[in-house]
Each structure stands twice: as structure tokens, then as C-alpha cells.
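Dropping work_25.txt in here (compact mmCIF, C-alpha atoms):
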# COMPACT_ATOMS: atom_id res chain seq x y z
CA MET X 11 3.13 24.66 -25.09
CA ALA X 12 3.43 20.94 -24.43
CA VAL X 13 1.09 18.25 -23.20
CA GLU X 14 2.20 15.21 -21.18
CA ILE X 15 0.40 12.20 -19.76
CA ASN X 16 1.46 11.07 -16.28
CA ALA X 17 1.85 7.42 -15.31
CA ASP X 18 -1.68 7.45 -13.84
CA GLY X 19 -3.19 8.92 -17.03
CA ALA X 20 -3.48 12.49 -15.73
CA VAL X 21 -3.00 15.22 -18.34
CA VAL X 22 -0.32 17.85 -17.69
CA VAL X 23 -0.06 20.93 -19.90
CA ARG X 24 3.03 23.12 -19.79
CA ALA X 25 2.53 26.68 -21.02
CA PRO X 26 4.00 30.18 -20.55
CA ARG X 27 2.75 31.78 -17.34
CA ARG X 28 0.83 34.64 -18.98
CA ILE X 29 -0.81 32.77 -21.85
CA LEU X 30 -4.60 33.03 -22.18
CA SER X 31 -6.55 30.08 -20.73
CA ALA X 32 -8.61 29.95 -23.93
CA LEU X 33 -5.45 29.22 -25.94
CA ILE X 34 -4.52 26.44 -23.53
CA ALA X 35 -8.01 24.93 -23.82
CA ASP X 36 -7.79 25.05 -27.62
CA PHE X 37 -4.35 23.44 -27.53
CA VAL X 38 -5.67 20.56 -25.40
CA LYS X 39 -8.70 20.15 -27.66
CA ARG X 40 -6.49 19.86 -30.75
CA HIS X 41 -4.54 17.08 -29.02
CA ALA X 42 -7.63 15.25 -27.72
CA ASP X 43 -7.19 12.18 -29.94
CA TRP X 44 -3.54 11.79 -28.93
CA ILE X 45 -4.45 12.20 -25.25
CA ALA X 46 -7.18 9.56 -25.49
CA LEU X 47 -4.81 7.16 -27.25
CA LYS X 48 -2.11 7.54 -24.58
CA GLN X 49 -4.60 7.20 -21.73
CA ALA X 50 -5.93 3.99 -23.30
CA GLU X 51 -2.37 2.63 -23.51
CA ILE X 52 -1.77 3.45 -19.85
CA ALA X 53 -5.03 1.79 -18.80
CA LYS X 54 -3.80 -1.50 -20.33
CA ARG X 55 -0.50 -1.51 -18.43
CA PRO X 56 -0.11 -3.65 -15.30
CA ARG X 57 -0.70 -1.82 -12.03
CA ALA X 58 1.92 -1.79 -9.29
CA GLU X 59 1.05 -4.28 -6.56
CA PRO X 60 2.26 -3.42 -3.04
CA LYS X 61 4.85 -5.81 -1.66
CA SER X 62 4.05 -7.88 1.41
CA CYS X 63 7.72 -7.75 2.53
CA VAL X 64 7.76 -11.42 3.49
CA GLU X 65 10.53 -14.03 3.34
CA GLY X 66 11.60 -14.80 -0.23
CA GLU X 67 9.72 -11.92 -1.86
CA GLU X 68 11.37 -10.55 -5.00
CA PHE X 69 12.66 -6.99 -5.40
CA LEU X 70 14.57 -5.22 -8.16
CA PHE X 71 17.97 -3.61 -7.70
CA LEU X 72 19.98 -2.28 -10.67
CA GLY X 73 17.73 -4.31 -12.95
CA GLN X 74 18.43 -7.61 -11.18
CA THR X 75 15.97 -9.64 -9.13
CA CYS X 76 16.93 -10.14 -5.51
CA ARG X 77 15.01 -11.79 -2.68
CA LEU X 78 14.24 -10.66 0.83
CA HIS X 79 15.76 -12.82 3.55
CA PHE X 80 15.36 -12.52 7.31
CA VAL X 81 18.25 -13.74 9.48
CA ASP X 82 18.28 -14.65 13.17
CA ALA X 83 21.84 -13.48 13.89
CA GLY X 84 24.90 -11.88 12.33
CA ILE X 85 23.58 -8.48 11.28
CA SER X 86 22.05 -5.58 13.19
CA LYS X 87 20.64 -3.67 10.20
CA ILE X 88 19.86 -4.16 6.53
CA ASP X 89 22.57 -5.85 4.46
CA PHE X 90 22.93 -6.78 0.79
CA ASP X 91 24.82 -9.76 -0.61
CA GLY X 92 22.73 -10.41 -3.70
CA ARG X 93 19.83 -10.71 -1.29
CA ILE X 94 18.24 -7.99 0.81
CA GLN X 95 18.90 -9.23 4.33
CA LEU X 96 17.19 -7.99 7.47
CA PRO X 97 17.36 -9.09 11.11
CA ARG X 98 14.27 -11.10 11.95
CA THR X 99 13.71 -8.78 14.90
CA LYS X 100 13.08 -5.96 12.36
CA GLU X 101 10.50 -7.85 10.33
CA SER X 102 7.66 -5.49 11.31
CA GLN X 103 9.73 -2.54 10.02
CA ALA X 104 10.77 -4.22 6.78
CA ARG X 105 9.00 -1.90 4.36
CA GLU X 106 10.38 1.26 5.97
CA LEU X 107 13.92 -0.14 6.25
CA ILE X 108 13.95 -1.39 2.65
CA GLU X 109 12.80 2.01 1.36
CA ASP X 110 15.49 3.75 3.43
CA TRP X 111 18.09 1.38 1.96
CA TYR X 112 16.90 2.11 -1.58
CA ARG X 113 17.15 5.85 -0.91
CA VAL X 114 20.76 5.51 0.20
CA GLN X 115 21.64 3.37 -2.83
CA ALA X 116 19.87 5.80 -5.16
CA TRP X 117 21.93 8.69 -3.79
CA LYS X 118 25.17 6.78 -4.36
CA VAL X 119 24.34 5.50 -7.84
CA ILE X 120 22.83 8.74 -9.15
CA THR X 121 25.64 10.90 -7.73
CA LYS X 122 28.14 8.68 -9.55
CA ASN X 123 26.19 8.98 -12.80
CA ILE X 124 25.98 12.77 -12.52
CA GLU X 125 29.72 13.12 -11.92
CA ARG X 126 30.44 10.89 -14.92
CA ARG X 127 28.30 13.09 -17.19
CA VAL X 128 29.20 16.60 -15.97
CA SER X 129 32.21 17.31 -18.17
CA GLU X 130 30.82 15.86 -21.42
CA MET X 131 27.42 17.56 -21.04
CA GLY X 132 28.89 20.85 -19.87
CA CYS X 133 26.47 21.34 -16.98
CA ARG X 134 26.34 20.60 -13.26
CA PRO X 135 23.23 20.60 -11.04
CA SER X 136 23.18 22.99 -8.09
CA GLY X 137 21.92 20.23 -5.81
CA LEU X 138 20.53 16.71 -5.61
CA ARG X 139 17.50 15.37 -3.77
CA ILE X 140 16.09 11.84 -3.58
CA THR X 141 12.31 11.92 -3.41
CA GLY X 142 9.31 9.62 -3.15
CA ALA X 143 7.48 11.23 -6.08
CA ARG X 144 4.87 8.89 -7.54
CA GLN X 145 4.46 10.36 -11.02
CA ARG X 146 8.00 11.26 -12.08
CA TRP X 147 11.35 9.53 -12.25
CA GLY X 148 13.09 12.88 -12.00
CA SER X 149 12.66 16.62 -12.26
CA CYS X 150 14.77 19.76 -12.62
CA GLY X 151 14.08 22.70 -10.31
CA ILE X 152 14.09 26.29 -11.54
CA ARG X 153 17.38 26.92 -9.73
CA GLY X 154 19.13 23.93 -11.25
CA ALA X 155 18.69 21.35 -8.49
CA LEU X 156 17.78 17.84 -9.65
CA ASN X 157 15.27 15.53 -7.98
CA PHE X 158 15.14 11.77 -8.51
CA ASN X 159 12.65 9.14 -7.43
CA TRP X 160 14.36 6.58 -5.16
CA ARG X 161 12.71 3.79 -7.18
CA THR X 162 14.99 4.77 -10.06
CA VAL X 163 17.71 2.56 -8.58
CA MET X 164 15.56 -0.51 -9.29
CA ALA X 165 16.16 -0.03 -13.04
CA PRO X 166 19.13 -1.40 -15.01
CA PRO X 167 22.21 0.87 -15.08
CA ASP X 168 21.60 2.09 -18.65
CA ILE X 169 18.06 3.14 -17.75
CA ILE X 170 19.30 4.98 -14.65
CA ASP X 171 21.84 6.76 -16.82
CA TYR X 172 19.09 7.81 -19.24
CA ILE X 173 17.02 9.27 -16.39
CA VAL X 174 20.05 11.20 -15.10
CA VAL X 175 20.97 12.50 -18.55
CA HIS X 176 17.34 13.47 -19.19
CA GLU X 177 17.23 15.69 -16.11
CA MET X 178 20.71 17.11 -16.70
CA ALA X 179 19.63 18.04 -20.23
CA HIS X 180 16.95 20.22 -18.62
CA LEU X 181 19.75 22.34 -17.18
CA LYS X 182 20.31 23.40 -20.80
CA PHE X 183 16.77 23.19 -22.21
CA ARG X 184 13.79 23.59 -19.90
CA GLY X 185 11.09 22.10 -22.11
CA HIS X 186 10.83 18.96 -24.23
CA GLY X 187 11.32 20.66 -27.57
CA ARG X 188 13.37 19.54 -30.56
CA ASP X 189 16.58 21.07 -29.19
CA PHE X 190 16.15 19.19 -25.91
CA TRP X 191 15.78 15.77 -27.58
CA HIS X 192 18.62 16.48 -30.00
CA PHE X 193 20.92 17.38 -27.10
CA LEU X 194 19.87 14.36 -25.04
CA GLY X 195 20.29 12.06 -28.04
CA GLN X 196 23.97 12.97 -28.30
CA PHE X 197 24.56 11.19 -24.98
CA VAL X 198 21.83 8.53 -25.03
CA PRO X 199 21.12 7.67 -28.70
CA ARG X 200 18.68 4.92 -27.69
CA TYR X 201 16.59 7.17 -25.46
CA LYS X 202 13.32 6.12 -27.11
CA GLU X 203 13.98 2.51 -26.11
CA MET X 204 14.78 3.67 -22.56
CA ARG X 205 11.51 5.59 -22.32
CA GLN X 206 9.58 2.54 -23.53
CA TRP X 207 11.31 0.32 -20.97
CA LEU X 208 10.17 2.63 -18.19
CA ARG X 209 6.60 2.60 -19.50
CA ASP X 210 6.58 -1.20 -19.70
CA ASN X 211 8.25 -1.86 -16.35
CA SER X 212 7.16 0.90 -14.00
CA ALA X 213 4.66 -1.42 -12.28
CA ARG X 214 7.52 -3.70 -11.23
CA MET X 215 9.42 -0.83 -9.62
CA ALA X 216 7.54 -0.56 -6.36
CA ILE X 217 7.48 -1.91 -2.84
What is this structure when it is put down as C-alpha cells?
Amino acid sequence: MAVEINADGAVVVRAPRRILSALIADFVKRHADWIALKQAEIAKRPRAEPKSCVEGEEFLFLGQTCRLHFVDAGISKIDFDGRIQLPRTKESQARELIEDWYRVQAWKVITKNIERRVSEMGCRPSGLRITGARQRWGSCGIRGALNFNWRTVMAPPDIIDYIVVHEMAHLKFRGHGRDFWHFLGQFVPRYKEMRQWLRDNSARMAI
């Protein structure tokens, strides 16, 4: 069994399907102090503030800050030149268009990372999906397909790589046991620092 705390402080327990509920309850009780400690840490973290999607507002892309800029002519859809540019006529649709752009970029960046890691890790996902999941950066389906939050592409490249490697490692080891972390650590030795960066910066990775 394993216990995890989601970004919103919710407790998630992973256990074999047929295990007795009393054993699960006892397991959670024995970890009560750790759960309370982690929930207290989460409560102190900054909360994500929704963007207003106005001229000059700051966004993250590959770990770098870029600003939103509306233009009167020259482009018919979203463009990126170090700034996120949108036609002024699309200003009312800014949030939707920016999210769509992030989804496309996430697909490109994550696909590239997966292909770079396939041969050295000795595993290949059966599929890839970009999602809007609120609580997870990624997940591995039971049939080997990987899912990634589109907000992942806001992180620096090394953090994105960690998220990709983490989910690919689940193709070999389903849980978060010692073997899983040992395997992951062969490809991302600084994974603990990466996990901490995500905890500290998740509130900035939103629109």
C-alpha cells in the first residue's frame, strides 16, 4: 500500500483491489502524523490565481516568463516570438486560445522527450494524451498509455524531462516503491529537487 497527498491536500491511498478495508484504515491511521504534516505544508503554499488574460500579463513557457500582447494586424491566430501574441479581434477568446496553444506545445515537447528516452529506458508508451487534469502532472494508464497535464510545458525543460521519465518509469514499475525510485534515479539523479520545484512552483503554472 501507499499513501499520497494531492496538490489540494486530498489523501489518496493505493492498495491491492481485494485488500480488507480495515487494513486500509489501519494503514492510514499509522500514517496520520505524516499526512497531517504534508497537508499543513500544502496549506502554506501560494494558491494559483486565475489569469485575467490582459495586455502585458505574464505567462510561463519552458520555464521562461513571456508576456501577452494583442496586435491590430499581421497575424490571424496565436503566434509566439518570445511573447504570446494574439489578434486584438480575438481578445474575448484569449483564455481558450492560449490554453489550446499550450496543449499543442505540450504535445510537441513531450513527444520529443519521450522519443529521446525510449531506447535508454527500454520502454515505449502505447499512446499519449494531453489532459487538463488538475491534480496530476502525468499518469500511466493500465494499458501503457501516458497522460500529461498541458500545464507541464510551463516548466523548465529539465522539469518536463523529469515528469516524462517519471511516467515512463511506471511502464516498468506501477507503484512508487523502492525499485521504481531506483530505476527513475538512473535517468534523473536529481529527481528529489525536481519534485520540490513542482511543489514550490505549481501555483505559478496556471492561466
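Proximity of X:Val38, X:Ile94, X:Leu194, X:Ala83 to X:Ala179, computed with only C-alpha atoms, is greatest for X:Leu194.
For the residues X:Glu203, X:Glu59, X:Asp18, X:Asp171, ranking by smallest atom-to-atom distance to X:Val119 using all atoms listed in the file places X:Asp171 first.
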Would you list the contacts of stretch 74-81 of chain X as a short mmCIF file (atom, residue, chain, number, x, y, z; two decimals) with C-alpha atoms, keeping the file's coordinate frame, taking every protein, DNA or RNA residue within 6 Å and counting only C-alpha atoms, but skipping same-chain residues closer than 6 positions in sequence?
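Wrote it out as out-v6.cif, contents follow:
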data_model
loop_
_atom_site.label_atom_id
_atom_site.label_comp_id
_atom_site.auth_asym_id
_atom_site.auth_seq_id
_atom_site.Cartn_x
_atom_site.Cartn_y
_atom_site.Cartn_z
CA GLU X 65 10.53 -14.03 3.34
CA GLY X 66 11.60 -14.80 -0.23
CA GLU X 67 9.72 -11.92 -1.86
CA GLU X 68 11.37 -10.55 -5.00
CA ARG X 93 19.83 -10.71 -1.29
CA ILE X 94 18.24 -7.99 0.81
CA GLN X 95 18.90 -9.23 4.33
CA LEU X 96 17.19 -7.99 7.47
CA PRO X 97 17.36 -9.09 11.11
CA ARG X 98 14.27 -11.10 11.95
#
Measuring atom to atom with all atoms listed in the file, identify which of X:Val175, X:Ala20, X:Leu72, X:Ile120 is nearest to X:Phe190. X:Val175
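The gap separating atom CA of X:Pro167 from atom CA of X:Gln196 is 18.0 Å, in Å to one decimal.
We find atom CA of X:Ser62 and atom CA of X:Ile217 to be spaced 8.1 Å apart.
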Counting only C-alpha atoms, what are the residues of stretch 37-94 of chain X within 12 Å of stretch 145-161 of chain X, and for each of them which pair of atoms is the nearest and at what distance in Å, to one decimal? Sort the table by chain and rising number, as CSV.
residue,atom,partner,partner_atom,distance
X:Phe69,CA,X:Arg161,CA,10.9
X:Leu70,CA,X:Arg161,CA,9.3
X:Phe71,CA,X:Arg161,CA,9.1
X:Leu72,CA,X:Arg161,CA,10.1
X:Gly73,CA,X:Arg161,CA,11.1
Taking the structure I provided as the source, export stretch 94-108 of chain X with all heavy atoms, as a JSON list (two decimals), in the first residue's frame.
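As written to disk, decode-v8.json reads:
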[["chain", "number", "residue", "atom", "x", "y", "z"],
["X", 94, "ILE", "N", 3.54, 35.93, -26.23],
["X", 94, "ILE", "CA", 2.35, 35.26, -26.75],
["X", 94, "ILE", "C", 1.51, 36.34, -27.42],
["X", 94, "ILE", "O", 1.00, 37.25, -26.76],
["X", 94, "ILE", "CB", 1.53, 34.58, -25.62],
["X", 94, "ILE", "CG1", 2.38, 33.50, -24.95],
["X", 94, "ILE", "CG2", 0.24, 33.98, -26.18],
["X", 94, "ILE", "CD1", 1.70, 32.85, -23.75],
["X", 95, "GLN", "N", 1.40, 36.28, -28.74],
["X", 95, "GLN", "CA", 0.71, 37.31, -29.49],
["X", 95, "GLN", "C", -0.64, 36.80, -29.99],
["X", 95, "GLN", "O", -0.75, 35.68, -30.49],
["X", 95, "GLN", "CB", 1.54, 37.75, -30.70],
["X", 95, "GLN", "CG", 2.85, 38.42, -30.31],
["X", 95, "GLN", "CD", 3.47, 39.14, -31.49],
["X", 95, "GLN", "OE1", 3.19, 40.31, -31.76],
["X", 95, "GLN", "NE2", 4.32, 38.43, -32.22],
["X", 96, "LEU", "N", -1.64, 37.66, -29.86],
["X", 96, "LEU", "CA", -2.99, 37.35, -30.32],
["X", 96, "LEU", "C", -3.55, 38.53, -31.09],
["X", 96, "LEU", "O", -3.27, 39.70, -30.74],
["X", 96, "LEU", "CB", -3.92, 37.06, -29.13],
["X", 96, "LEU", "CG", -3.88, 35.67, -28.51],
["X", 96, "LEU", "CD1", -4.73, 35.68, -27.24],
["X", 96, "LEU", "CD2", -4.42, 34.64, -29.48],
["X", 97, "PRO", "N", -4.37, 38.27, -32.12],
["X", 97, "PRO", "CA", -5.06, 39.39, -32.78],
["X", 97, "PRO", "C", -5.99, 40.08, -31.78],
["X", 97, "PRO", "O", -6.64, 39.41, -30.97],
["X", 97, "PRO", "CB", -5.87, 38.70, -33.89],
["X", 97, "PRO", "CG", -5.23, 37.35, -34.06],
["X", 97, "PRO", "CD", -4.69, 36.98, -32.72],
["X", 98, "ARG", "N", -6.05, 41.38, -31.83],
["X", 98, "ARG", "CA", -6.91, 42.10, -30.90],
["X", 98, "ARG", "C", -8.37, 41.71, -31.07],
["X", 98, "ARG", "O", -9.16, 41.75, -30.12],
["X", 98, "ARG", "CB", -6.74, 43.62, -31.09],
["X", 98, "ARG", "CG", -7.30, 44.42, -29.93],
["X", 98, "ARG", "CD", -6.91, 45.88, -30.02],
["X", 98, "ARG", "NE", -5.47, 46.07, -30.03],
["X", 98, "ARG", "CZ", -4.71, 46.05, -28.94],
["X", 98, "ARG", "NH1", -5.26, 45.83, -27.75],
["X", 98, "ARG", "NH2", -3.41, 46.25, -29.04],
["X", 99, "THR", "N", -8.73, 41.28, -32.27],
["X", 99, "THR", "CA", -10.12, 40.86, -32.52],
["X", 99, "THR", "C", -10.47, 39.56, -31.77],
["X", 99, "THR", "O", -11.65, 39.22, -31.66],
["X", 99, "THR", "CB", -10.35, 40.63, -34.02],
["X", 99, "THR", "OG1", -9.37, 39.69, -34.51],
["X", 99, "THR", "CG2", -10.21, 41.94, -34.78],
["X", 100, "LYS", "N", -9.46, 38.85, -31.25],
["X", 100, "LYS", "CA", -9.68, 37.60, -30.52],
["X", 100, "LYS", "C", -9.54, 37.78, -29.02],
["X", 100, "LYS", "O", -9.47, 36.81, -28.27],
["X", 100, "LYS", "CB", -8.66, 36.54, -30.98],
["X", 100, "LYS", "CG", -8.65, 36.27, -32.48],
["X", 100, "LYS", "CD", -9.87, 35.47, -32.92],
["X", 100, "LYS", "CE", -9.74, 35.04, -34.37],
["X", 100, "LYS", "NZ", -10.92, 34.28, -34.83],
["X", 101, "GLU", "N", -9.52, 39.01, -28.56],
["X", 101, "GLU", "CA", -9.25, 39.28, -27.15],
["X", 101, "GLU", "C", -10.24, 38.58, -26.22],
["X", 101, "GLU", "O", -9.86, 38.08, -25.16],
["X", 101, "GLU", "CB", -9.27, 40.79, -26.90],
["X", 101, "GLU", "CG", -8.72, 41.20, -25.55],
["X", 101, "GLU", "CD", -8.45, 42.69, -25.46],
["X", 101, "GLU", "OE1", -8.56, 43.39, -26.50],
["X", 101, "GLU", "OE2", -8.12, 43.15, -24.35],
["X", 102, "SER", "N", -11.50, 38.51, -26.61],
["X", 102, "SER", "CA", -12.51, 37.87, -25.76],
["X", 102, "SER", "C", -12.32, 36.36, -25.67],
["X", 102, "SER", "O", -12.85, 35.71, -24.77],
["X", 102, "SER", "CB", -13.91, 38.18, -26.28],
["X", 102, "SER", "OG", -14.10, 37.64, -27.58],
["X", 103, "GLN", "N", -11.55, 35.78, -26.61],
["X", 103, "GLN", "CA", -11.30, 34.34, -26.63],
["X", 103, "GLN", "C", -9.90, 34.00, -26.13],
["X", 103, "GLN", "O", -9.44, 32.87, -26.29],
["X", 103, "GLN", "CB", -11.46, 33.80, -28.06],
["X", 103, "GLN", "CG", -12.81, 34.07, -28.69],
["X", 103, "GLN", "CD", -12.77, 33.78, -30.18],
["X", 103, "GLN", "OE1", -12.70, 34.67, -31.02],
["X", 103, "GLN", "NE2", -12.78, 32.50, -30.53],
["X", 104, "ALA", "N", -9.23, 34.97, -25.54],
["X", 104, "ALA", "CA", -7.81, 34.81, -25.21],
["X", 104, "ALA", "C", -7.53, 33.57, -24.37],
["X", 104, "ALA", "O", -6.62, 32.79, -24.67],
["X", 104, "ALA", "CB", -7.29, 36.06, -24.51],
["X", 105, "ARG", "N", -8.29, 33.38, -23.30],
["X", 105, "ARG", "CA", -8.00, 32.26, -22.40],
["X", 105, "ARG", "C", -8.09, 30.92, -23.15],
["X", 105, "ARG", "O", -7.22, 30.06, -23.03],
["X", 105, "ARG", "CB", -8.96, 32.25, -21.22],
["X", 105, "ARG", "CG", -8.64, 31.18, -20.16],
["X", 105, "ARG", "CD", -9.63, 31.25, -19.01],
["X", 105, "ARG", "NE", -9.65, 32.56, -18.42],
["X", 105, "ARG", "CZ", -8.76, 32.99, -17.53],
["X", 105, "ARG", "NH1", -7.80, 32.18, -17.11],
["X", 105, "ARG", "NH2", -8.84, 34.21, -17.02],
["X", 106, "GLU", "N", -9.14, 30.74, -23.91],
["X", 106, "GLU", "CA", -9.33, 29.49, -24.66],
["X", 106, "GLU", "C", -8.22, 29.28, -25.69],
["X", 106, "GLU", "O", -7.68, 28.18, -25.82],
["X", 106, "GLU", "CB", -10.69, 29.53, -25.36],
["X", 106, "GLU", "CG", -10.97, 28.32, -26.22],
["X", 106, "GLU", "CD", -12.28, 28.44, -26.98],
["X", 106, "GLU", "OE1", -13.11, 29.30, -26.61],
["X", 106, "GLU", "OE2", -12.47, 27.67, -27.94],
["X", 107, "LEU", "N", -7.86, 30.35, -26.40],
["X", 107, "LEU", "CA", -6.82, 30.23, -27.44],
["X", 107, "LEU", "C", -5.45, 29.97, -26.83],
["X", 107, "LEU", "O", -4.66, 29.19, -27.39],
["X", 107, "LEU", "CB", -6.79, 31.51, -28.28],
["X", 107, "LEU", "CG", -8.02, 31.75, -29.16],
["X", 107, "LEU", "CD1", -7.96, 33.14, -29.78],
["X", 107, "LEU", "CD2", -8.13, 30.68, -30.24],
["X", 108, "ILE", "N", -5.16, 30.60, -25.70],
["X", 108, "ILE", "CA", -3.87, 30.38, -25.05],
["X", 108, "ILE", "C", -3.77, 28.94, -24.55],
["X", 108, "ILE", "O", -2.74, 28.27, -24.71],
["X", 108, "ILE", "CB", -3.66, 31.38, -23.90],
["X", 108, "ILE", "CG1", -3.49, 32.79, -24.46],
["X", 108, "ILE", "CG2", -2.44, 30.99, -23.06],
["X", 108, "ILE", "CD1", -3.53, 33.88, -23.41]]
